[in-house]
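Undergrad: Just start23.pdb, nothing more (PDB, C-alpha atoms and all ligand atoms):
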ATOM      1  CA  PRO P  52      66.671 108.493 114.929  1.00  0.00           C
ATOM      2  CA  VAL P  53      70.326 107.732 114.236  1.00  0.00           C
ATOM      3  CA  ASP P  54      72.654 107.762 117.263  1.00  0.00           C
ATOM      4  CA  THR P  55      75.723 109.475 115.790  1.00  0.00           C
ATOM      5  CA  ASN P  56      78.093 108.128 118.435  1.00  0.00           C
ATOM      6  CA  GLU P  57      76.958 104.521 118.270  1.00  0.00           C
ATOM      7  CA  LEU P  58      76.811 104.588 114.484  1.00  0.00           C
ATOM      8  CA  GLY P  59      80.270 106.193 114.373  1.00  0.00           C
ATOM      9  CA  HIS P  60      81.825 103.657 116.737  1.00  0.00           C
ATOM     10  CA  SER P  61      80.433 100.700 114.755  1.00  0.00           C
ATOM     11  CA  THR P  62      81.391 102.281 111.448  1.00  0.00           C
ATOM     12  CA  TRP P  63      84.988 102.965 112.448  1.00  0.00           C
ATOM     13  CA  SER P  64      85.198  99.319 113.606  1.00  0.00           C
ATOM     14  CA  LEU P  65      83.996  98.134 110.221  1.00  0.00           C
ATOM     15  CA  LEU P  66      86.289 100.479 108.261  1.00  0.00           C
ATOM     16  CA  HIS P  67      89.429  99.714 110.310  1.00  0.00           C
ATOM     17  CA  THR P  68      88.663  95.984 110.135  1.00  0.00           C
ATOM     18  CA  ILE P  69      88.287  96.185 106.363  1.00  0.00           C
ATOM     19  CA  ALA P  70      91.651  97.984 106.272  1.00  0.00           C
ATOM     20  CA  ALA P  71      93.297  95.354 108.499  1.00  0.00           C
ATOM     21  CA  HIS P  72      92.208  92.576 106.117  1.00  0.00           C
ATOM     22  CA  TYR P  73      92.898  94.391 102.866  1.00  0.00           C
ATOM     23  CA  PRO P  74      95.734  92.626 100.994  1.00  0.00           C
ATOM     24  CA  ALA P  75      99.332  93.808 101.366  1.00  0.00           C
ATOM     25  CA  VAL P  76      99.542  93.631  97.560  1.00  0.00           C
ATOM     26  CA  PRO P  77      96.031  94.235  96.170  1.00  0.00           C
ATOM     27  CA  THR P  78      95.110  93.607  92.542  1.00  0.00           C
ATOM     28  CA  ARG P  79      94.103  96.547  90.348  1.00  0.00           C
ATOM     29  CA  SER P  80      90.453  95.508  90.537  1.00  0.00           C
ATOM     30  CA  ARG P  81      90.612  95.187  94.333  1.00  0.00           C
ATOM     31  CA  GLN P  82      92.085  98.720  94.538  1.00  0.00           C
ATOM     32  CA  ARG P  83      89.323 100.078  92.329  1.00  0.00           C
ATOM     33  CA  GLU P  84      86.673  98.368  94.480  1.00  0.00           C
ATOM     34  CA  LEU P  85      88.010  99.802  97.708  1.00  0.00           C
ATOM     35  CA  GLN P  86      88.282 103.281  96.241  1.00  0.00           C
ATOM     36  CA  GLN P  87      84.692 103.100  94.957  1.00  0.00           C
ATOM     37  CA  PHE P  88      83.534 101.774  98.320  1.00  0.00           C
ATOM     38  CA  ILE P  89      85.050 104.766 100.147  1.00  0.00           C
ATOM     39  CA  TYR P  90      83.494 107.324  97.784  1.00  0.00           C
ATOM     40  CA  LEU P  91      80.093 105.584  97.842  1.00  0.00           C
ATOM     41  CA  PHE P  92      80.326 105.327 101.630  1.00  0.00           C
ATOM     42  CA  SER P  93      80.888 109.107 101.796  1.00  0.00           C
ATOM     43  CA  GLU P  94      77.647 109.619  99.838  1.00  0.00           C
ATOM     44  CA  LEU P  95      75.532 107.120 101.770  1.00  0.00           C
ATOM     45  CA  TYR P  96      76.675 107.489 105.383  1.00  0.00           C
ATOM     46  CA  PRO P  97      73.469 108.250 107.298  1.00  0.00           C
ATOM     47  CA  CYS P  98      74.800 111.202 109.345  1.00  0.00           C
ATOM     48  CA  GLU P  99      74.624 114.062 106.884  1.00  0.00           C
ATOM     49  CA  ASN P 100      77.038 116.450 108.590  1.00  0.00           C
ATOM     50  CA  CYS P 101      79.547 113.667 109.149  1.00  0.00           C
ATOM     51  CA  ALA P 102      79.292 112.560 105.517  1.00  0.00           C
ATOM     52  CA  GLU P 103      79.683 116.094 104.246  1.00  0.00           C
ATOM     53  CA  SER P 104      82.807 116.768 106.265  1.00  0.00           C
ATOM     54  CA  PHE P 105      84.187 113.347 105.302  1.00  0.00           C
ATOM     55  CA  ARG P 106      83.710 114.274 101.618  1.00  0.00           C
ATOM     56  CA  LYS P 107      85.682 117.471 102.248  1.00  0.00           C
ATOM     57  CA  GLN P 108      88.456 115.411 103.836  1.00  0.00           C
ATOM     58  CA  LEU P 109      88.450 113.111 100.779  1.00  0.00           C
ATOM     59  CA  LYS P 110      88.936 116.097  98.486  1.00  0.00           C
ATOM     60  CA  ARG P 111      92.067 117.122 100.357  1.00  0.00           C
ATOM     61  CA  ASN P 112      93.293 113.601 100.902  1.00  0.00           C
ATOM     62  CA  ALA P 113      92.341 110.927  98.338  1.00  0.00           C
ATOM     63  CA  PRO P 114      92.231 107.345  99.666  1.00  0.00           C
ATOM     64  CA  ASP P 115      95.541 105.516  99.329  1.00  0.00           C
ATOM     65  CA  VAL P 116      94.446 102.026  98.308  1.00  0.00           C
ATOM     66  CA  THR P 117      97.812 100.874  96.941  1.00  0.00           C
ATOM     67  CA  SER P 118      98.594  98.509  99.845  1.00  0.00           C
ATOM     68  CA  GLY P 119      97.169  97.238 103.114  1.00  0.00           C
ATOM     69  CA  TYR P 120      99.703  99.288 105.036  1.00  0.00           C
ATOM     70  CA  SER P 121      99.062 102.533 103.176  1.00  0.00           C
ATOM     71  CA  PHE P 122      95.286 102.182 103.413  1.00  0.00           C
ATOM     72  CA  SER P 123      95.341 101.467 107.175  1.00  0.00           C
ATOM     73  CA  GLN P 124      97.575 104.484 107.716  1.00  0.00           C
ATOM     74  CA  TRP P 125      95.430 106.709 105.501  1.00  0.00           C
ATOM     75  CA  LEU P 126      92.292 105.672 107.393  1.00  0.00           C
ATOM     76  CA  CYS P 127      94.010 106.277 110.727  1.00  0.00           C
ATOM     77  CA  ARG P 128      94.880 109.836 109.631  1.00  0.00           C
ATOM     78  CA  MET P 129      91.300 110.453 108.475  1.00  0.00           C
ATOM     79  CA  HIS P 130      89.923 109.173 111.788  1.00  0.00           C
ATOM     80  CA  ASN P 131      92.418 111.371 113.668  1.00  0.00           C
ATOM     81  CA  GLU P 132      91.171 114.456 111.809  1.00  0.00           C
ATOM     82  CA  VAL P 133      87.664 113.634 113.068  1.00  0.00           C
ATOM     83  CA  ASN P 134      89.052 112.985 116.573  1.00  0.00           C
ATOM     84  CA  CYS P 135      90.695 116.437 116.546  1.00  0.00           C
ATOM     85  CA  LYS P 136      87.517 118.121 115.397  1.00  0.00           C
ATOM     86  CA  LEU P 137      85.576 116.436 118.235  1.00  0.00           C
ATOM     87  CA  GLY P 138      88.266 117.093 120.870  1.00  0.00           C
ATOM     88  CA  LYS P 139      89.036 113.370 121.232  1.00  0.00           C
ATOM     89  CA  PRO P 140      92.590 112.077 121.740  1.00  0.00           C
ATOM     90  CA  VAL P 141      94.741 111.511 118.658  1.00  0.00           C
ATOM     91  CA  PHE P 142      95.392 107.806 118.060  1.00  0.00           C
ATOM     92  CA  ASP P 143      98.994 106.593 117.561  1.00  0.00           C
ATOM     93  CA  CYS P 144      98.904 105.215 113.994  1.00  0.00           C
ATOM     94  CA  THR P 145     101.848 102.863 114.666  1.00  0.00           C
ATOM     95  CA  LYS P 146      99.363 100.941 116.888  1.00  0.00           C
ATOM     96  CA  VAL P 147      96.752 100.340 114.189  1.00  0.00           C
ATOM     97  CA  ASP P 148      97.539  96.636 113.637  1.00  0.00           C
ATOM     98  CA  GLU P 149      97.685  95.979 117.329  1.00  0.00           C
ATOM     99  CA  ARG P 150      94.222  97.515 117.785  1.00  0.00           C
ATOM    100  CA  TRP P 151      92.489  96.220 114.652  1.00  0.00           C
ATOM    101  CA  LYS P 152      94.336  93.139 113.428  1.00  0.00           C
ATOM    102  CA  ASP P 153      96.519  91.304 115.925  1.00  0.00           C
ATOM    103  CA  GLY P 154      94.851  92.393 119.181  1.00  0.00           C
ATOM    104  CA  TRP P 155      96.444  94.260 122.086  1.00  0.00           C
ATOM    105  CA  LYS P 156      99.284  92.474 123.859  1.00  0.00           C
ATOM    106  CA  ASP P 157      98.662  92.197 127.611  1.00  0.00           C
TER     107      ASP P 157
HETATM  108  P1  LIG P 201      85.471 106.340 117.877  1.00  0.00           P
HETATM  109  O1  LIG P 201      86.056 107.621 117.335  1.00  0.00           O
HETATM  110  O2  LIG P 201      84.193 105.860 117.288  1.00  0.00           O
HETATM  111  O3  LIG P 201      86.607 105.241 117.715  1.00  0.00           O
HETATM  112  C1  LIG P 201      86.364 103.858 117.986  1.00  0.00           C
HETATM  113  C2  LIG P 201      87.661 103.206 118.412  1.00  0.00           C
HETATM  114  O4  LIG P 201      88.608 103.322 117.360  1.00  0.00           O
HETATM  115  C3  LIG P 201      88.352 103.889 119.584  1.00  0.00           C
HETATM  116  O5  LIG P 201      87.885 103.396 120.790  1.00  0.00           O
HETATM  117  C4  LIG P 201      89.840 103.593 119.369  1.00  0.00           C
HETATM  118  O6  LIG P 201      90.195 102.344 119.929  1.00  0.00           O
HETATM  119  C5  LIG P 201      89.940 103.446 117.867  1.00  0.00           C
HETATM  120  N1  LIG P 201      90.526 104.627 117.224  1.00  0.00           N
HETATM  121  C6  LIG P 201      90.385 105.937 117.555  1.00  0.00           C
HETATM  122  N2  LIG P 201      91.037 106.715 116.686  1.00  0.00           N
HETATM  123  C7  LIG P 201      91.607 105.884 115.781  1.00  0.00           C
HETATM  124  C8  LIG P 201      92.414 106.101 114.636  1.00  0.00           C
HETATM  125  N3  LIG P 201      92.776 107.339 114.243  1.00  0.00           N
HETATM  126  N4  LIG P 201      92.839 105.036 113.931  1.00  0.00           N
HETATM  127  C9  LIG P 201      92.498 103.775 114.315  1.00  0.00           C
HETATM  128  N5  LIG P 201      91.722 103.505 115.392  1.00  0.00           N
HETATM  129  C10 LIG P 201      91.284 104.551 116.106  1.00  0.00           C
HETATM  130  N6  LIG P 201      80.675 112.545 115.049  1.00  0.00           N
HETATM  131  C11 LIG P 201      80.315 113.838 115.221  1.00  0.00           C
HETATM  132  O7  LIG P 201      79.804 114.200 116.291  1.00  0.00           O
HETATM  133  N7  LIG P 201      80.541 114.771 114.219  1.00  0.00           N
HETATM  134  C12 LIG P 201      81.102 114.417 113.022  1.00  0.00           C
HETATM  135  O8  LIG P 201      81.271 115.253 112.134  1.00  0.00           O
HETATM  136  C13 LIG P 201      81.463 113.054 112.825  1.00  0.00           C
HETATM  137  N8  LIG P 201      81.998 112.643 111.639  1.00  0.00           N
HETATM  138  C14 LIG P 201      82.227 111.307 111.436  1.00  0.00           C
HETATM  139  C15 LIG P 201      82.691 110.891 110.197  1.00  0.00           C
HETATM  140  C16 LIG P 201      82.877 109.531 109.940  1.00  0.00           C
HETATM  141  C17 LIG P 201      83.356 109.085 108.583  1.00  0.00           C
HETATM  142  C18 LIG P 201      82.602 108.580 110.962  1.00  0.00           C
HETATM  143  C19 LIG P 201      82.783 107.093 110.690  1.00  0.00           C
HETATM  144  C20 LIG P 201      82.177 108.999 112.207  1.00  0.00           C
HETATM  145  C21 LIG P 201      81.974 110.361 112.478  1.00  0.00           C
HETATM  146  N9  LIG P 201      81.531 110.805 113.713  1.00  0.00           N
HETATM  147  C22 LIG P 201      81.219 112.129 113.888  1.00  0.00           C
HETATM  148  C23 LIG P 201      81.442 109.884 114.869  1.00  0.00           C
HETATM  149  C24 LIG P 201      82.733 109.964 115.720  1.00  0.00           C
HETATM  150  O9  LIG P 201      83.900 109.853 114.905  1.00  0.00           O
HETATM  151  C25 LIG P 201      82.817 108.834 116.768  1.00  0.00           C
HETATM  152  O10 LIG P 201      82.609 107.579 116.142  1.00  0.00           O
HETATM  153  C26 LIG P 201      81.817 108.980 117.900  1.00  0.00           C
HETATM  154  O11 LIG P 201      81.968 110.258 118.496  1.00  0.00           O
HETATM  155  C27 LIG P 201      82.032 107.874 118.980  1.00  0.00           C
HETATM  156  O12 LIG P 201      83.343 108.001 119.465  1.00  0.00           O
HETATM  157  P2  LIG P 201      84.097 106.909 120.324  1.00  0.00           P
HETATM  158  O13 LIG P 201      84.672 107.615 121.500  1.00  0.00           O
HETATM  159  O14 LIG P 201      83.216 105.712 120.560  1.00  0.00           O
HETATM  160  O15 LIG P 201      85.355 106.441 119.428  1.00  0.00           O
END
Can I see the file as structure tokens?

TA:
Amino acid sequence: PVDTNELGHSTWSLLHTIAAHYPAVPTRSRQRELQQFIYLFSELYPCENCAESFRKQLKRNAPDVTSGYSFSQWLCRMHNEVNCKLGKPVFDCTKVDERWKDGWKD
């Protein structure tokens, strides 16, 4: 059986890491690929309830693939909606690069 928490943790890592490495100025074809990836992901994600609520989120809030910054911020807001639903703390989206790209300063 699928462990929703473990799958979720790994998936958010993959998605935020993709966002962190997405170009600041993506080509048209790159933008189209990322948009298709997100919609296909929302169909294929192997936790049905999660996928269904993610598709509802996508309807309200289409992916912003126009730049690395806007996509990372969009994804952070989507993840925060899930955090809220699950009663988890809201993540500070100004810290997204520190967490997923540059690494925490210590
Ligand atoms: P996770 O939420 O997995 O987060 C991993 C790490 O990401 C955190 O430790 C933190 O460092 C960082 N982080 C947290 N918030 C943000 C943010 N906003 N932006 C950037 N980084 C952040 N579970 C359910 O029970 N029901 C659902 O309906 C559900 N829907 C999901 C939908 C999707 C698309 C995905 C990918 C997962 C879903 N999950 C759902 C799983 C859930 O979101 C968590 O992954 C799971 O509960 C494990 O939580 P976690 O505490 O390990 O942290």

Undergrad: From the list P:Tyr120, P:Gln82, P:Lys139, P:Lys107, which residue is nearest Glu94 in chain P when using all atoms listed in the file?

TA: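 Among the listed residues, P:Lys107 lies closest to Glu94 in chain P.
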
Undergrad: Which protein, DNA or RNA residues are at most 12 Å from (80.3, 108.0, 101.8) in the file's coordinates when you count all atoms listed in the file, listed as a ChimeraX atom specification?

TA: /P:62,66,85-109

Undergrad: If you count all atoms listed in the file, which residues end up within 10 Å of ligand LIG 201 (chain P), as a PDB file with C-alpha atoms, in the frame of the given file?

TA:
ATOM      1  CA  ASP P  54      72.654 107.762 117.263  1.00  0.00           C
ATOM      2  CA  THR P  55      75.723 109.475 115.790  1.00  0.00           C
ATOM      3  CA  ASN P  56      78.093 108.128 118.435  1.00  0.00           C
ATOM      4  CA  GLU P  57      76.958 104.521 118.270  1.00  0.00           C
ATOM      5  CA  LEU P  58      76.811 104.588 114.484  1.00  0.00           C
ATOM      6  CA  GLY P  59      80.270 106.193 114.373  1.00  0.00           C
ATOM      7  CA  HIS P  60      81.825 103.657 116.737  1.00  0.00           C
ATOM      8  CA  SER P  61      80.433 100.700 114.755  1.00  0.00           C
ATOM      9  CA  THR P  62      81.391 102.281 111.448  1.00  0.00           C
ATOM     10  CA  TRP P  63      84.988 102.965 112.448  1.00  0.00           C
ATOM     11  CA  SER P  64      85.198  99.319 113.606  1.00  0.00           C
ATOM     12  CA  LEU P  65      83.996  98.134 110.221  1.00  0.00           C
ATOM     13  CA  LEU P  66      86.289 100.479 108.261  1.00  0.00           C
ATOM     14  CA  HIS P  67      89.429  99.714 110.310  1.00  0.00           C
ATOM     15  CA  THR P  68      88.663  95.984 110.135  1.00  0.00           C
ATOM     16  CA  ALA P  70      91.651  97.984 106.272  1.00  0.00           C
ATOM     17  CA  ILE P  89      85.050 104.766 100.147  1.00  0.00           C
ATOM     18  CA  PHE P  92      80.326 105.327 101.630  1.00  0.00           C
ATOM     19  CA  SER P  93      80.888 109.107 101.796  1.00  0.00           C
ATOM     20  CA  TYR P  96      76.675 107.489 105.383  1.00  0.00           C
ATOM     21  CA  PRO P  97      73.469 108.250 107.298  1.00  0.00           C
ATOM     22  CA  CYS P  98      74.800 111.202 109.345  1.00  0.00           C
ATOM     23  CA  GLU P  99      74.624 114.062 106.884  1.00  0.00           C
ATOM     24  CA  ASN P 100      77.038 116.450 108.590  1.00  0.00           C
ATOM     25  CA  CYS P 101      79.547 113.667 109.149  1.00  0.00           C
ATOM     26  CA  ALA P 102      79.292 112.560 105.517  1.00  0.00           C
ATOM     27  CA  GLU P 103      79.683 116.094 104.246  1.00  0.00           C
ATOM     28  CA  SER P 104      82.807 116.768 106.265  1.00  0.00           C
ATOM     29  CA  PHE P 105      84.187 113.347 105.302  1.00  0.00           C
ATOM     30  CA  ARG P 106      83.710 114.274 101.618  1.00  0.00           C
ATOM     31  CA  GLN P 108      88.456 115.411 103.836  1.00  0.00           C
ATOM     32  CA  SER P 123      95.341 101.467 107.175  1.00  0.00           C
ATOM     33  CA  GLN P 124      97.575 104.484 107.716  1.00  0.00           C
ATOM     34  CA  TRP P 125      95.430 106.709 105.501  1.00  0.00           C
ATOM     35  CA  LEU P 126      92.292 105.672 107.393  1.00  0.00           C
ATOM     36  CA  CYS P 127      94.010 106.277 110.727  1.00  0.00           C
ATOM     37  CA  ARG P 128      94.880 109.836 109.631  1.00  0.00           C
ATOM     38  CA  MET P 129      91.300 110.453 108.475  1.00  0.00           C
ATOM     39  CA  HIS P 130      89.923 109.173 111.788  1.00  0.00           C
ATOM     40  CA  ASN P 131      92.418 111.371 113.668  1.00  0.00           C
ATOM     41  CA  GLU P 132      91.171 114.456 111.809  1.00  0.00           C
ATOM     42  CA  VAL P 133      87.664 113.634 113.068  1.00  0.00           C
ATOM     43  CA  ASN P 134      89.052 112.985 116.573  1.00  0.00           C
ATOM     44  CA  CYS P 135      90.695 116.437 116.546  1.00  0.00           C
ATOM     45  CA  LYS P 136      87.517 118.121 115.397  1.00  0.00           C
ATOM     46  CA  LEU P 137      85.576 116.436 118.235  1.00  0.00           C
ATOM     47  CA  GLY P 138      88.266 117.093 120.870  1.00  0.00           C
ATOM     48  CA  LYS P 139      89.036 113.370 121.232  1.00  0.00           C
ATOM     49  CA  PRO P 140      92.590 112.077 121.740  1.00  0.00           C
ATOM     50  CA  VAL P 141      94.741 111.511 118.658  1.00  0.00           C
ATOM     51  CA  PHE P 142      95.392 107.806 118.060  1.00  0.00           C
ATOM     52  CA  ASP P 143      98.994 106.593 117.561  1.00  0.00           C
ATOM     53  CA  CYS P 144      98.904 105.215 113.994  1.00  0.00           C
ATOM     54  CA  THR P 145     101.848 102.863 114.666  1.00  0.00           C
ATOM     55  CA  LYS P 146      99.363 100.941 116.888  1.00  0.00           C
ATOM     56  CA  VAL P 147      96.752 100.340 114.189  1.00  0.00           C
ATOM     57  CA  ASP P 148      97.539  96.636 113.637  1.00  0.00           C
ATOM     58  CA  GLU P 149      97.685  95.979 117.329  1.00  0.00           C
ATOM     59  CA  ARG P 150      94.222  97.515 117.785  1.00  0.00           C
ATOM     60  CA  TRP P 151      92.489  96.220 114.652  1.00  0.00           C
TER      61      TRP P 151
END

Undergrad: When you draw a straight line from CA of His72 in chain P to CA of Lys152 in chain P, how long is it in Å?

TA: 7.6 Å

Undergrad: Which value, in Å to one decimal, gives the distance between CA of Thr117 in chain P and CA of Val76 in chain P?

TA: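 Interatomic distance here is 7.5 Å.
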
Undergrad: How big is the axis-aligned box around the listed atoms of range 56-73 of chain P once 4 Å is added on each side, and where is its centre? Give both in Å to one decimal, as lines of an AutoDock Vina configuration file.

TA:
center_x = 85.1
center_y = 100.4
center_z = 110.7
size_x = 24.5
size_y = 23.6
size_z = 23.6

Undergrad: What does the distance between CA of Pro77 in chain P and CA of Ser118 in chain P come to in Å, to one decimal place?

TA: 6.2 Å

Undergrad: Looking at all atoms listed in the file, which of P:Ile69, P:Val53, P:Trp155, P:Ala75 is the one that sits closest to Ser121 in chain P?

TA: P:Ala75
